[in-house]
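Engineer: My file is query.cif. It has mmCIF, C-alpha atoms:
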```cif
data_model
loop_
_atom_site.group_PDB
_atom_site.id
_atom_site.type_symbol
_atom_site.label_atom_id
_atom_site.label_comp_id
_atom_site.auth_asym_id
_atom_site.auth_seq_id
_atom_site.Cartn_x
_atom_site.Cartn_y
_atom_site.Cartn_z
ATOM 1 C CA MET A 1136 124.708 -140.530 -149.367
ATOM 2 C CA HIS A 1137 126.376 -143.797 -150.324
ATOM 3 C CA ARG A 1138 125.163 -146.698 -148.223
ATOM 4 C CA ARG A 1139 126.833 -150.077 -148.308
ATOM 5 C CA TYR A 1140 124.214 -151.770 -146.165
ATOM 6 C CA PRO A 1141 120.531 -152.560 -146.610
ATOM 7 C CA GLU A 1142 118.110 -149.754 -145.861
ATOM 8 C CA ALA A 1143 116.649 -151.938 -143.095
ATOM 9 C CA ILE A 1144 119.748 -151.509 -140.899
ATOM 10 C CA PHE A 1145 119.466 -147.708 -141.147
ATOM 11 C CA SER A 1146 115.753 -147.859 -140.368
ATOM 12 C CA ALA A 1147 116.461 -150.081 -137.364
ATOM 13 C CA ALA A 1148 119.115 -147.661 -136.074
ATOM 14 C CA LYS A 1149 116.729 -144.731 -136.481
ATOM 15 C CA GLU A 1150 114.048 -146.645 -134.558
ATOM 16 C CA LEU A 1151 116.529 -147.493 -131.775
ATOM 17 C CA ARG A 1152 117.413 -143.800 -131.467
ATOM 18 C CA LYS A 1153 113.719 -142.990 -131.052
ATOM 19 C CA LYS A 1154 113.196 -145.772 -128.498
ATOM 20 C CA SER A 1155 116.457 -145.447 -126.594
ATOM 21 C CA THR A 1156 116.684 -146.708 -123.041
ATOM 22 C CA GLU A 1157 116.953 -144.359 -120.096
ATOM 23 C CA ALA A 1158 120.604 -145.332 -119.597
ATOM 24 C CA GLU A 1159 121.364 -144.604 -123.265
ATOM 25 C CA ARG A 1160 119.663 -141.195 -123.018
ATOM 26 C CA ILE A 1161 121.643 -140.331 -119.870
ATOM 27 C CA LEU A 1162 124.992 -141.251 -121.410
ATOM 28 C CA TRP A 1163 124.144 -139.642 -124.751
ATOM 29 C CA ASN A 1164 123.228 -136.401 -122.999
ATOM 30 C CA GLU A 1165 126.685 -136.392 -121.379
ATOM 31 C CA ILE A 1166 128.738 -137.100 -124.524
ATOM 32 C CA LYS A 1167 126.763 -135.675 -127.467
ATOM 33 C CA SER A 1168 127.792 -132.487 -129.264
ATOM 34 C CA LYS A 1169 131.420 -132.973 -128.187
ATOM 35 C CA LYS A 1170 130.517 -132.338 -124.521
ATOM 36 C CA LEU A 1171 133.134 -134.820 -123.317
ATOM 37 C CA ASN A 1172 136.554 -133.199 -123.899
ATOM 38 C CA ASN A 1173 135.508 -132.035 -127.374
ATOM 39 C CA ILE A 1174 135.380 -135.655 -128.608
ATOM 40 C CA LYS A 1175 132.790 -136.581 -131.237
ATOM 41 C CA PHE A 1176 130.526 -139.543 -130.543
ATOM 42 C CA ARG A 1177 127.724 -140.984 -132.633
ATOM 43 C CA PHE A 1178 124.627 -142.744 -131.291
ATOM 44 C CA GLN A 1179 122.980 -145.962 -132.558
ATOM 45 C CA VAL A 1180 125.340 -146.281 -135.500
ATOM 46 C CA PRO A 1181 124.889 -148.855 -138.279
ATOM 47 C CA TYR A 1182 128.170 -150.631 -138.959
ATOM 48 C CA ASP A 1183 128.293 -153.660 -141.226
ATOM 49 C CA TRP A 1184 125.341 -155.742 -140.024
ATOM 50 C CA PHE A 1185 125.408 -154.362 -136.477
ATOM 51 C CA ILE A 1186 124.078 -151.304 -134.708
ATOM 52 C CA LEU A 1187 126.525 -149.850 -132.203
ATOM 53 C CA ASP A 1188 125.180 -148.026 -129.146
ATOM 54 C CA PHE A 1189 127.901 -145.360 -129.289
ATOM 55 C CA LEU A 1190 130.870 -144.886 -131.597
ATOM 56 C CA CYS A 1191 133.820 -142.532 -131.424
ATOM 57 C CA PRO A 1192 135.208 -142.832 -134.974
ATOM 58 C CA GLU A 1193 138.356 -140.785 -134.289
ATOM 59 C CA TYR A 1194 139.628 -143.264 -131.692
ATOM 60 C CA LYS A 1195 137.850 -146.375 -133.003
ATOM 61 C CA LEU A 1196 136.072 -146.725 -129.658
ATOM 62 C CA ILE A 1197 132.735 -148.505 -129.332
ATOM 63 C CA ILE A 1198 130.678 -148.117 -126.168
ATOM 64 C CA GLU A 1199 127.942 -150.613 -125.431
ATOM 65 C CA LEU A 1200 125.413 -150.411 -122.617
ATOM 66 C CA ASP A 1201 124.204 -153.739 -121.359
ATOM 67 C CA GLY A 1202 120.746 -153.946 -119.845
ATOM 68 C CA ASN A 1203 118.601 -156.955 -119.036
ATOM 69 C CA TYR A 1204 118.452 -157.845 -122.728
ATOM 70 C CA HIS A 1205 122.158 -158.705 -122.730
ATOM 71 C CA ILE A 1206 121.931 -161.268 -119.921
ATOM 72 C CA ASN A 1207 120.986 -163.951 -122.432
ATOM 73 C CA CYS A 1208 123.265 -162.665 -125.216
ATOM 74 C CA LYS A 1209 126.743 -163.013 -123.728
ATOM 75 C CA GLU A 1210 128.004 -165.389 -126.419
ATOM 76 C CA ARG A 1211 126.662 -163.179 -129.213
ATOM 77 C CA ASP A 1212 128.164 -160.078 -127.567
ATOM 78 C CA PHE A 1213 131.512 -161.884 -127.215
ATOM 79 C CA GLU A 1214 131.541 -162.827 -130.916
ATOM 80 C CA ARG A 1215 130.543 -159.308 -131.897
ATOM 81 C CA ASP A 1216 133.328 -157.839 -129.737
ATOM 82 C CA LEU A 1217 135.878 -160.151 -131.384
ATOM 83 C CA TYR A 1218 134.641 -159.072 -134.819
ATOM 84 C CA PHE A 1219 135.234 -155.402 -134.019
ATOM 85 C CA GLU A 1220 138.518 -155.991 -132.171
ATOM 86 C CA GLU A 1221 139.820 -157.706 -135.324
ATOM 87 C CA LYS A 1222 138.963 -154.488 -137.187
ATOM 88 C CA GLY A 1223 141.047 -152.479 -134.696
ATOM 89 C CA TYR A 1224 138.237 -151.194 -132.470
ATOM 90 C CA THR A 1225 138.251 -151.030 -128.689
ATOM 91 C CA ILE A 1226 134.987 -151.972 -126.995
ATOM 92 C CA LEU A 1227 133.896 -150.638 -123.625
ATOM 93 C CA ARG A 1228 130.868 -152.245 -121.991
ATOM 94 C CA PHE A 1229 128.929 -150.748 -119.120
ATOM 95 C CA LYS A 1230 125.927 -152.091 -117.318
ATOM 96 C CA ASN A 1231 122.944 -149.747 -117.259
ATOM 97 C CA LYS A 1232 123.244 -149.693 -113.466
ATOM 98 C CA GLU A 1233 126.718 -148.138 -113.761
ATOM 99 C CA VAL A 1234 125.273 -145.285 -115.802
ATOM 100 C CA PHE A 1235 122.440 -144.756 -113.322
ATOM 101 C CA ASP A 1236 124.634 -144.999 -110.225
ATOM 102 C CA ASN A 1237 127.695 -143.021 -111.277
ATOM 103 C CA ILE A 1238 127.746 -141.341 -114.681
ATOM 104 C CA GLU A 1239 130.891 -139.401 -113.739
ATOM 105 C CA LYS A 1240 132.768 -142.664 -113.187
ATOM 106 C CA VAL A 1241 131.558 -143.922 -116.586
ATOM 107 C CA LYS A 1242 132.763 -140.726 -118.289
ATOM 108 C CA LYS A 1243 136.109 -140.986 -116.510
ATOM 109 C CA ARG A 1244 136.512 -144.592 -117.682
ATOM 110 C CA ILE A 1245 135.769 -143.503 -121.275
ATOM 111 C CA LEU A 1246 138.417 -140.766 -121.068
ATOM 112 C CA ILE A 1247 140.971 -143.184 -119.575
ATOM 113 C CA GLU A 1248 140.354 -145.583 -122.458
ATOM 114 C CA ILE A 1249 140.724 -142.790 -125.017
ATOM 115 C CA ASP A 1250 144.026 -141.774 -123.383
ATOM 116 C CA LYS A 1251 145.238 -145.372 -123.681
ATOM 117 C CA ILE A 1252 144.239 -145.442 -127.350
ATOM 118 C CA LYS A 1253 146.029 -142.125 -127.980
ATOM 119 C CA LYS A 1254 149.221 -143.437 -126.352
ATOM 120 C CA GLU A 1255 149.082 -146.693 -128.334
ATOM 121 C CA LYS A 1256 148.531 -144.692 -131.524
ATOM 122 C CA LYS A 1257 151.584 -142.512 -130.767
ATOM 123 C CA LEU A 1258 153.693 -145.574 -129.993
ATOM 124 C CA THR A 1259 152.678 -147.183 -133.262
ATOM 125 C CA LEU A 1260 153.530 -144.018 -135.189
ATOM 126 C CA ALA A 1261 156.856 -143.650 -133.362
ATOM 127 C CA ILE A 1262 158.163 -147.119 -134.233
ATOM 128 C CA PRO A 1263 160.570 -146.624 -137.135
ATOM 129 C CA LEU A 1264 160.191 -148.838 -140.175
ATOM 130 C CA SER A 1265 163.114 -151.200 -140.547
ATOM 131 C CA ARG A 1266 165.296 -150.819 -143.582
ATOM 132 C CA GLY A 1267 166.149 -154.232 -144.900
ATOM 133 C CA THR A 1268 169.856 -154.838 -144.332
#
```
Show me this structure written as structure tokens.

Structural biologist:
Amino acid sequence: MHRRYPEAIFSAAKELRKKSTEAERILWNEIKSKKLNNIKFRFQVPYDWFILDFLCPEYKLIIELDGNYHINCKERDFERDLYFEEKGYTILRFKNKEVFDNIEKVKKRILIEIDKIKKEKKLTLAIPLSRGT
């Protein structure tokens, strides 16, 4: 397998998968193996110098769960989100509490976002290229 990143990032992602939080395990159990509308998600994915909680490559959707750790990382999270938005990704953030309190609502929000992405994709494909006149 060709890897563009240092082995350390892959090792870190593997370790995060082993030591996932309860909220991550709950959400992963609901979306793994194409359980959510037959959509493929990946878990603890190395990407550039980051590790994404969840990634849906088909729709360029990143899902991040924010626990207590993220309280002091808002600026870093904001910069990271901008980085991925510039690459054409959509980022959804949920607090762990949202996953614990209402996983169905979280899943519904993910599906709504994917529908929006699908519609935007169709609109982009439907716009005819101008022919220089």

Engineer: With only C-alpha atoms counted and 12 Å as the cut-off, give the residues of stretch 1212-1266 of chain A in contact with stretch 1153-1164 of chain A, each with its shortest interatomic distance in Å and the pair that gives it, as a Markdown table.

Structural biologist:
```
| residue | atom | partner | partner_atom | distance |
| --- | --- | --- | --- | --- |
| A:Phe1229 | CA | A:Ala1158 | CA | 9.9 |
| A:Lys1230 | CA | A:Ala1158 | CA | 8.9 |
| A:Asn1231 | CA | A:Ala1158 | CA | 5.5 |
| A:Lys1232 | CA | A:Ala1158 | CA | 8.0 |
| A:Glu1233 | CA | A:Ala1158 | CA | 8.9 |
| A:Val1234 | CA | A:Ala1158 | CA | 6.0 |
| A:Phe1235 | CA | A:Ala1158 | CA | 6.6 |
| A:Asp1236 | CA | A:Ala1158 | CA | 10.2 |
| A:Asn1237 | CA | A:Leu1162 | CA | 10.6 |
| A:Ile1238 | CA | A:Leu1162 | CA | 7.3 |
| A:Glu1239 | CA | A:Leu1162 | CA | 9.9 |
| A:Lys1240 | CA | A:Leu1162 | CA | 11.4 |
| A:Val1241 | CA | A:Leu1162 | CA | 8.6 |
| A:Lys1242 | CA | A:Leu1162 | CA | 8.4 |
| A:Ile1245 | CA | A:Leu1162 | CA | 11.0 |
```

Engineer: Restricted to C-alpha atoms, what would the selected residues look like written as an mmCIF file, in the coordinates of the input?

Structural biologist:
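Everything below was put into out-v1.cif:
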```
data_model
loop_
_atom_site.group_PDB
_atom_site.id
_atom_site.type_symbol
_atom_site.label_atom_id
_atom_site.label_comp_id
_atom_site.auth_asym_id
_atom_site.auth_seq_id
_atom_site.Cartn_x
_atom_site.Cartn_y
_atom_site.Cartn_z
ATOM 1 C CA PHE A 1229 128.929 -150.748 -119.120
ATOM 2 C CA LYS A 1230 125.927 -152.091 -117.318
ATOM 3 C CA ASN A 1231 122.944 -149.747 -117.259
ATOM 4 C CA LYS A 1232 123.244 -149.693 -113.466
ATOM 5 C CA GLU A 1233 126.718 -148.138 -113.761
ATOM 6 C CA VAL A 1234 125.273 -145.285 -115.802
ATOM 7 C CA PHE A 1235 122.440 -144.756 -113.322
ATOM 8 C CA ASP A 1236 124.634 -144.999 -110.225
ATOM 9 C CA ASN A 1237 127.695 -143.021 -111.277
ATOM 10 C CA ILE A 1238 127.746 -141.341 -114.681
ATOM 11 C CA GLU A 1239 130.891 -139.401 -113.739
ATOM 12 C CA LYS A 1240 132.768 -142.664 -113.187
ATOM 13 C CA VAL A 1241 131.558 -143.922 -116.586
ATOM 14 C CA LYS A 1242 132.763 -140.726 -118.289
ATOM 15 C CA ILE A 1245 135.769 -143.503 -121.275
#
```

Engineer: For A:Gln1179, which residue out of A:Ile1252, A:Ile1166, A:Ile1198, A:Ala1148 is the nearest one, using all atoms listed in the file?

Structural biologist: A:Ala1148

Engineer: When you count all atoms listed in the file, which of these residues is closest to A:Ile1186: A:Glu1255, A:Gly1202, A:Ala1143, A:Cys1208?

Structural biologist: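 Of the candidates, the smallest distance to A:Ile1186 is held by A:Ala1143.
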
Engineer: Counting only C-alpha atoms, what is within 12 Å of A:Arg1215, bar same-chain residues fewer than 3 positions away, as a PDB file with C-alpha atoms, in the frame of the given file?

Structural biologist:
```pdb
ATOM      1  CA  TYR A1182     128.170-150.631-138.959  1.00  0.00           C
ATOM      2  CA  ASP A1183     128.293-153.660-141.226  1.00  0.00           C
ATOM      3  CA  TRP A1184     125.341-155.742-140.024  1.00  0.00           C
ATOM      4  CA  PHE A1185     125.408-154.362-136.477  1.00  0.00           C
ATOM      5  CA  ILE A1186     124.078-151.304-134.708  1.00  0.00           C
ATOM      6  CA  LEU A1187     126.525-149.850-132.203  1.00  0.00           C
ATOM      7  CA  ILE A1197     132.735-148.505-129.332  1.00  0.00           C
ATOM      8  CA  GLU A1199     127.942-150.613-125.431  1.00  0.00           C
ATOM      9  CA  CYS A1208     123.265-162.665-125.216  1.00  0.00           C
ATOM     10  CA  LYS A1209     126.743-163.013-123.728  1.00  0.00           C
ATOM     11  CA  GLU A1210     128.004-165.389-126.419  1.00  0.00           C
ATOM     12  CA  ARG A1211     126.662-163.179-129.213  1.00  0.00           C
ATOM     13  CA  ASP A1212     128.164-160.078-127.567  1.00  0.00           C
ATOM     14  CA  TYR A1218     134.641-159.072-134.819  1.00  0.00           C
ATOM     15  CA  PHE A1219     135.234-155.402-134.019  1.00  0.00           C
ATOM     16  CA  GLU A1220     138.518-155.991-132.171  1.00  0.00           C
ATOM     17  CA  GLU A1221     139.820-157.706-135.324  1.00  0.00           C
ATOM     18  CA  LYS A1222     138.963-154.488-137.187  1.00  0.00           C
ATOM     19  CA  TYR A1224     138.237-151.194-132.470  1.00  0.00           C
ATOM     20  CA  THR A1225     138.251-151.030-128.689  1.00  0.00           C
ATOM     21  CA  ILE A1226     134.987-151.972-126.995  1.00  0.00           C
TER      22      ILE A1226
END
```

Engineer: Go ahead and compute the interatomic distance for atom CA of A:Pro1181 and atom CA of A:Pro1141, in Å to one decimal.

Structural biologist: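 So the two atoms, atom CA of A:Pro1181 and atom CA of A:Pro1141, lie 10.1 Å apart.
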
Engineer: Which residues, named as in the file, does the PyMOL selection byres ((chain A and resi 1194) around 8) pick out? Answer as an NGL selection string.

Structural biologist: :A and (1191-1193 or 1195-1196 or 1249 or 1252-1253)

Engineer: Could you write out as JSON the box around stretch 1173-1192 of chain A (axis-aligned, all atoms listed in the file, 3 Å on each side), with centre and edge lengths in Å to one decimal?

Structural biologist:
```
{"center_x": 129.2, "center_y": -143.9, "center_z": -134.3, "size_x": 18.5, "size_y": 29.7, "size_z": 19.9}
```

Engineer: Just how far from atom CA of A:Phe1176 is atom CA of A:Phe1145, in Å to one decimal?

Structural biologist: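 Distance between the two atoms: 17.4 Å.
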
Engineer: What's the separation between atom CA of A:Arg1244 and atom CA of A:Leu1227, in Å to one decimal place?

Structural biologist: 8.9 Å

Engineer: Here is a test: counting all atoms listed in the file, which residue of A:Glu1248, A:Asn1203, A:Lys1175, A:Asp1216 is nearest to A:Leu1190?

Structural biologist: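 Among A:Glu1248, A:Asn1203, A:Lys1175, A:Asp1216, it is A:Lys1175 that comes nearest to A:Leu1190.
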